[in-house]
>>> print(open('model.tsv').read())   # TSV, C-alpha atoms
chain	number	residue	atom	x	y	z
A	139	MET	CA	141.18	179.70	135.43
A	140	ARG	CA	137.83	178.11	136.18
A	141	ILE	CA	136.95	175.08	138.31
A	142	GLY	CA	134.08	172.66	137.71
A	143	HIS	CA	132.66	169.65	139.54
A	144	GLY	CA	130.58	166.81	138.10
A	145	TYR	CA	128.78	163.83	139.62
A	146	ASP	CA	126.89	160.97	138.05
A	147	VAL	CA	125.45	157.56	138.94
A	148	HIS	CA	124.21	154.63	136.89
A	149	ARG	CA	122.49	151.41	137.92
A	150	PHE	CA	123.87	147.96	137.09
A	151	GLU	CA	121.90	145.78	134.69
A	152	LYS	CA	122.64	142.31	133.32
A	153	GLY	CA	123.29	142.00	129.61
A	154	LEU	CA	124.88	145.42	129.15
A	155	ARG	CA	128.51	146.42	128.56
A	156	LEU	CA	130.46	148.15	131.29
A	157	VAL	CA	132.37	151.11	129.87
A	158	LEU	CA	134.43	153.49	132.00
A	159	CYS	CA	136.47	156.31	130.45
A	160	GLY	CA	136.04	154.71	127.05
A	161	THR	CA	137.43	151.36	128.26
A	162	GLU	CA	135.27	148.24	128.22
A	163	ILE	CA	135.68	146.30	131.44
A	164	PRO	CA	134.68	142.63	131.64
A	165	TYR	CA	131.99	142.22	134.29
A	166	GLU	CA	128.72	140.37	134.67
A	167	TYR	CA	126.80	143.66	134.75
A	168	GLY	CA	126.89	146.81	132.68
A	169	LEU	CA	125.50	150.25	133.41
A	170	LYS	CA	122.01	151.26	132.35
A	171	GLY	CA	121.58	154.58	130.58
A	172	HIS	CA	120.41	156.28	127.41
A	173	SER	CA	123.95	156.44	125.98
A	174	ASP	CA	126.64	153.85	126.77
A	175	ALA	CA	126.25	154.99	130.43
A	176	ASP	CA	129.95	155.76	130.94
A	177	VAL	CA	129.40	157.22	134.39
A	178	ALA	CA	132.96	158.57	134.70
A	179	VAL	CA	132.84	160.45	131.40
A	180	HIS	CA	129.39	161.81	132.27
A	181	ALA	CA	130.76	163.26	135.51
A	182	LEU	CA	133.71	164.68	133.57
A	183	MET	CA	131.49	166.32	130.93
A	184	ASP	CA	129.33	167.91	133.62
A	185	ALA	CA	132.45	169.24	135.36
A	186	LEU	CA	133.77	170.72	132.10
A	187	LEU	CA	130.45	172.31	131.18
A	188	GLY	CA	130.02	173.60	134.72
A	189	ALA	CA	133.48	175.17	134.75
A	190	ALA	CA	132.54	177.08	131.58
A	191	ALA	CA	129.05	177.93	132.94
A	192	MET	CA	127.48	176.16	129.94
A	193	GLY	CA	124.90	174.01	131.70
A	194	ASP	CA	125.10	170.23	131.94
A	195	ILE	CA	125.03	167.18	129.68
A	196	GLY	CA	121.24	166.90	129.95
A	197	LYS	CA	120.95	170.35	128.37
A	198	HIS	CA	123.32	169.54	125.50
A	199	PHE	CA	122.48	165.83	124.99
A	200	PRO	CA	118.98	165.25	126.37
A	201	PRO	CA	118.02	161.61	126.99
A	202	SER	CA	114.70	162.34	125.30
A	203	ASP	CA	116.55	162.81	121.98
A	204	PRO	CA	116.79	159.48	120.12
A	205	GLN	CA	120.01	160.50	118.34
A	206	TYR	CA	121.87	159.91	121.62
A	207	LYS	CA	120.49	156.39	122.23
A	208	GLY	CA	123.48	154.10	122.74
A	209	ILE	CA	126.00	156.77	121.68
A	210	SER	CA	129.58	156.59	122.91
A	211	SER	CA	130.18	158.96	125.79
A	212	MET	CA	133.67	159.51	124.39
A	213	GLU	CA	132.04	160.92	121.25
A	214	LEU	CA	129.95	163.24	123.42
A	215	LEU	CA	133.10	164.25	125.29
A	216	GLY	CA	134.62	165.25	121.95
A	217	ARG	CA	131.62	167.49	121.33
A	218	VAL	CA	131.97	169.07	124.77
A	219	MET	CA	135.65	169.72	124.09
A	220	ALA	CA	134.81	171.34	120.74
A	221	LEU	CA	132.30	173.58	122.52
A	222	LEU	CA	134.87	174.58	125.13
A	223	SER	CA	137.52	175.17	122.49
A	224	ASP	CA	135.13	177.31	120.42
A	225	ASN	CA	134.61	179.42	123.55
A	226	GLY	CA	138.31	179.90	124.19
A	227	TYR	CA	139.02	177.25	126.83
A	228	GLU	CA	141.52	174.41	127.17
A	229	ILE	CA	142.18	171.80	129.85
A	230	GLY	CA	144.26	172.62	132.90
A	231	ASN	CA	143.77	169.26	134.55
A	232	VAL	CA	141.04	166.71	135.32
A	233	ASP	CA	140.56	164.38	138.26
A	234	ILE	CA	137.99	161.58	138.31
A	235	THR	CA	137.05	159.32	141.21
A	236	VAL	CA	135.07	156.17	140.36
A	237	ILE	CA	133.12	154.76	143.32
A	238	ALA	CA	132.43	151.02	143.00
A	239	GLU	CA	132.74	147.91	145.15
A	240	LYS	CA	133.06	145.80	142.01
A	241	PRO	CA	134.54	145.37	139.56
A	242	LYS	CA	138.05	146.30	140.57
A	243	ILE	CA	139.40	148.69	137.92
A	244	ALA	CA	143.03	149.28	138.91
A	245	ALA	CA	144.30	147.26	135.93
A	246	TYR	CA	142.39	149.54	133.52
A	247	ILE	CA	143.26	152.97	134.91
A	248	MET	CA	146.26	153.67	132.64
A	249	ARG	CA	144.17	152.88	129.53
A	250	MET	CA	141.39	155.13	130.86
A	251	ARG	CA	143.86	157.98	131.36
A	252	GLU	CA	145.24	157.49	127.84
A	253	ASN	CA	141.73	157.54	126.35
A	254	LEU	CA	140.85	160.73	128.20
A	255	ALA	CA	144.12	162.51	127.44
A	256	GLU	CA	143.58	161.86	123.74
A	257	ALA	CA	139.93	163.01	123.82
A	258	LEU	CA	140.82	166.10	125.85
A	259	ASN	CA	143.81	166.93	123.66
A	260	THR	CA	146.05	167.17	126.71
A	261	ASP	CA	149.02	165.44	128.27
A	262	ILE	CA	148.37	162.29	130.29
A	263	GLN	CA	149.99	163.98	133.30
A	264	SER	CA	146.98	166.33	133.33
A	265	VAL	CA	144.52	163.41	133.68
A	266	SER	CA	143.91	161.54	136.93
A	267	VAL	CA	141.57	158.57	137.34
A	268	LYS	CA	141.29	156.73	140.62
A	269	ALA	CA	138.87	154.36	142.29
A	270	THR	CA	137.48	153.84	145.76
A	271	THR	CA	134.79	151.82	147.49
A	272	GLU	CA	132.19	152.80	150.05
A	273	GLU	CA	133.15	149.90	152.33
A	274	GLY	CA	129.87	148.10	151.65
A	275	LEU	CA	127.72	151.16	152.38
A	276	GLY	CA	125.23	152.94	150.14
A	277	PHE	CA	124.01	151.86	146.72
A	278	THR	CA	127.52	151.24	145.38
A	279	GLY	CA	128.35	149.18	148.46
A	280	ALA	CA	125.21	147.13	147.86
A	281	LEU	CA	126.47	146.46	144.29
A	282	LEU	CA	123.53	148.30	142.71
A	283	GLY	CA	125.64	150.55	140.50
A	284	ILE	CA	128.60	152.88	140.12
A	285	ALA	CA	129.05	156.56	140.93
A	286	ALA	CA	131.72	159.01	139.78
A	287	HIS	CA	132.92	162.47	140.77
A	288	SER	CA	135.07	164.73	138.61
A	289	VAL	CA	136.84	167.99	139.30
A	290	VAL	CA	138.39	169.99	136.47
A	291	LEU	CA	140.39	173.10	135.92
A	292	ILE	CA	139.99	174.85	132.58
A	293	LYS	CA	141.86	177.92	131.44
A	294	GLU	CA	141.83	180.43	128.65
A	295	LYS	CA	143.74	179.24	125.62
A	296	THR	CA	147.19	180.74	125.42
A	297	GLY	CA	147.00	184.05	123.57
A	298	ASN	CA	143.20	184.09	123.66
A	299	GLN	CA	141.35	187.08	125.06
A	300	LEU	CA	137.85	186.31	126.28
A	301	LEU	CA	135.39	189.17	126.44
>>> encode(input="model.tsv", output="structure tokens")
Amino acid sequence: MRIGHGYDVHRFEKGLRLVLCGTEIPYEYGLKGHSDADVAVHALMDALLGAAAMGDIGKHFPPSDPQYKGISSMELLGRVMALLSDNGYEIGNVDITVIAEKPKIAAYIMRMRENLAEALNTDIQSVSVKATTEEGLGFTGALLGIAAHSVVLIKEKTGNQLL
């Protein structure tokens, strides 16, 4: 078994969509980024790649590469999962914490978990998404953006022998 941690932040900007864990959330601001700026999925991908000692999302999907402009982070997550699978790994469990004062996302968490479970090819009971605030402190407390942490456990596929 291997453990990985990921962290990401994105700034709010008017006129953009807000997407978290593949779920569009109605809000007056979206997140600015090269892709769709799904901060939670970015933290998750970094945790997965870190657990497998395969670098980070910037290495695999550099923002300087125009092919990733506006791309769905869920599509990139599928590519990360294919890479992990090709190297003999599967999901143990994932845990994501979204840090935001606004918008409130509790009503969307089940859909987020369903999206991730499907993309990760795992049971929904192996996927946790939760939210917290920073009580008005820091950049998220000042409503400048959203941050996310993710912790994952990956394991060798059943019957697979890694060298």
>>> residues_around(input="model.tsv", residues="range 271-284 of chain A", least_positions_apart="3", cutoff="8 Å", atoms="all atoms listed in the file", output="PyMOL selection string")
chain A and resi 147-150+169+177+236-240
>>> residues_near_point(input="model.tsv", point="(141.1, 179.2, 124.8)", cutoff="6 Å", atoms="all atoms listed in the file", output="number ranges by chain")
A: 223, 226-228, 294-295, 298
>>> residues_around(input="model.tsv", residues="range 165-167 of chain A", least_positions_apart="2", cutoff="8 Å", atoms="only C-alpha atoms", output="short mmCIF file (atom, residue, chain, number, x, y, z; two decimals) with C-alpha atoms, in the coordinates of the input")
data_model
loop_
_atom_site.label_atom_id
_atom_site.label_comp_id
_atom_site.auth_asym_id
_atom_site.auth_seq_id
_atom_site.Cartn_x
_atom_site.Cartn_y
_atom_site.Cartn_z
CA PHE A 150 123.87 147.96 137.09
CA GLU A 151 121.90 145.78 134.69
CA LYS A 152 122.64 142.31 133.32
CA GLY A 153 123.29 142.00 129.61
CA LEU A 154 124.88 145.42 129.15
CA ARG A 155 128.51 146.42 128.56
CA LEU A 156 130.46 148.15 131.29
CA ILE A 163 135.68 146.30 131.44
CA LEU A 169 125.50 150.25 133.41
CA PRO A 241 134.54 145.37 139.56
#
>>> closest_residue(input="model.tsv", among="A:Gly208, A:Gly193, A:Pro200, A:Gly216", to="Asp174 in chain A", atoms="only C-alpha atoms")
A:Gly208
>>> closest_residue(input="model.tsv", among="A:Val267, A:Val157, A:Met192, A:Ile209", to="Asn225 in chain A", atoms="only C-alpha atoms")
A:Met192
>>> residues_around(input="model.tsv", residues="Val265 in chain A", least_positions_apart="3", cutoff="6 Å", atoms="all atoms listed in the file", output="list in words")
Asn231, Val232, Arg251 and Ile262 of chain A
>>> closest_residue(input="model.tsv", among="A:Leu254, A:Ala190, A:Asp203, A:Asp146", to="Ala175 in chain A", atoms="only C-alpha atoms")
A:Asp146
>>> closest_residue(input="model.tsv", among="A:Ile243, A:His172, A:Ser266, A:Ser210", to="Gly196 in chain A", atoms="all atoms listed in the file")
A:His172
>>> closest_residue(input="model.tsv", among="A:Met212, A:Leu187, A:Ala285, A:Ala178", to="Ala257 in chain A", atoms="all atoms listed in the file")
A:Met212
>>> atom_distance(input="model.tsv", atom1="CA of Lys293 in chain A", atom2="CA of Gly230 in chain A")
6.0 Å
>>> closest_residue(input="model.tsv", among="A:Arg140, A:Lys170, A:His180, A:Arg249", to="His287 in chain A", atoms="all atoms listed in the file")
A:His180
>>> atom_distance(input="model.tsv", atom1="CA of Lys268 in chain A", atom2="CA of Thr296 in chain A")
29.0 Å
>>> residues_near_point(input="model.tsv", point="(123.5, 169.7, 123.8)", cutoff="12 Å", atoms="all atoms listed in the file", output="NGL selection string")
:A and (183-184 or 187 or 192-203 or 205-206 or 214-215 or 217-218 or 220-221)
>>> atom_distance(input="model.tsv", atom1="CA of Leu158 in chain A", atom2="CA of Gly188 in chain A")
20.8 Å
>>> residues_around(input="model.tsv", residues="Leu186 in chain A", least_positions_apart="4", cutoff="9 Å", atoms="only C-alpha atoms", output="VMD selection string")
chain A and resid 141 to 144 181 to 182 190 to 192 194 218 to 219 222 229 232 288 to 292
>>> write_last_selection(input="model.tsv", atoms="C-alpha atoms", output="compact mmCIF listing (two decimals), keeping the file's coordinate frame")
# COMPACT_ATOMS: atom_id res chain seq x y z
CA ILE A 141 136.95 175.08 138.31
CA GLY A 142 134.08 172.66 137.71
CA HIS A 143 132.66 169.65 139.54
CA GLY A 144 130.58 166.81 138.10
CA ALA A 181 130.76 163.26 135.51
CA LEU A 182 133.71 164.68 133.57
CA ALA A 190 132.54 177.08 131.58
CA ALA A 191 129.05 177.93 132.94
CA MET A 192 127.48 176.16 129.94
CA ASP A 194 125.10 170.23 131.94
CA VAL A 218 131.97 169.07 124.77
CA MET A 219 135.65 169.72 124.09
CA LEU A 222 134.87 174.58 125.13
CA ILE A 229 142.18 171.80 129.85
CA VAL A 232 141.04 166.71 135.32
CA SER A 288 135.07 164.73 138.61
CA VAL A 289 136.84 167.99 139.30
CA VAL A 290 138.39 169.99 136.47
CA LEU A 291 140.39 173.10 135.92
CA ILE A 292 139.99 174.85 132.58
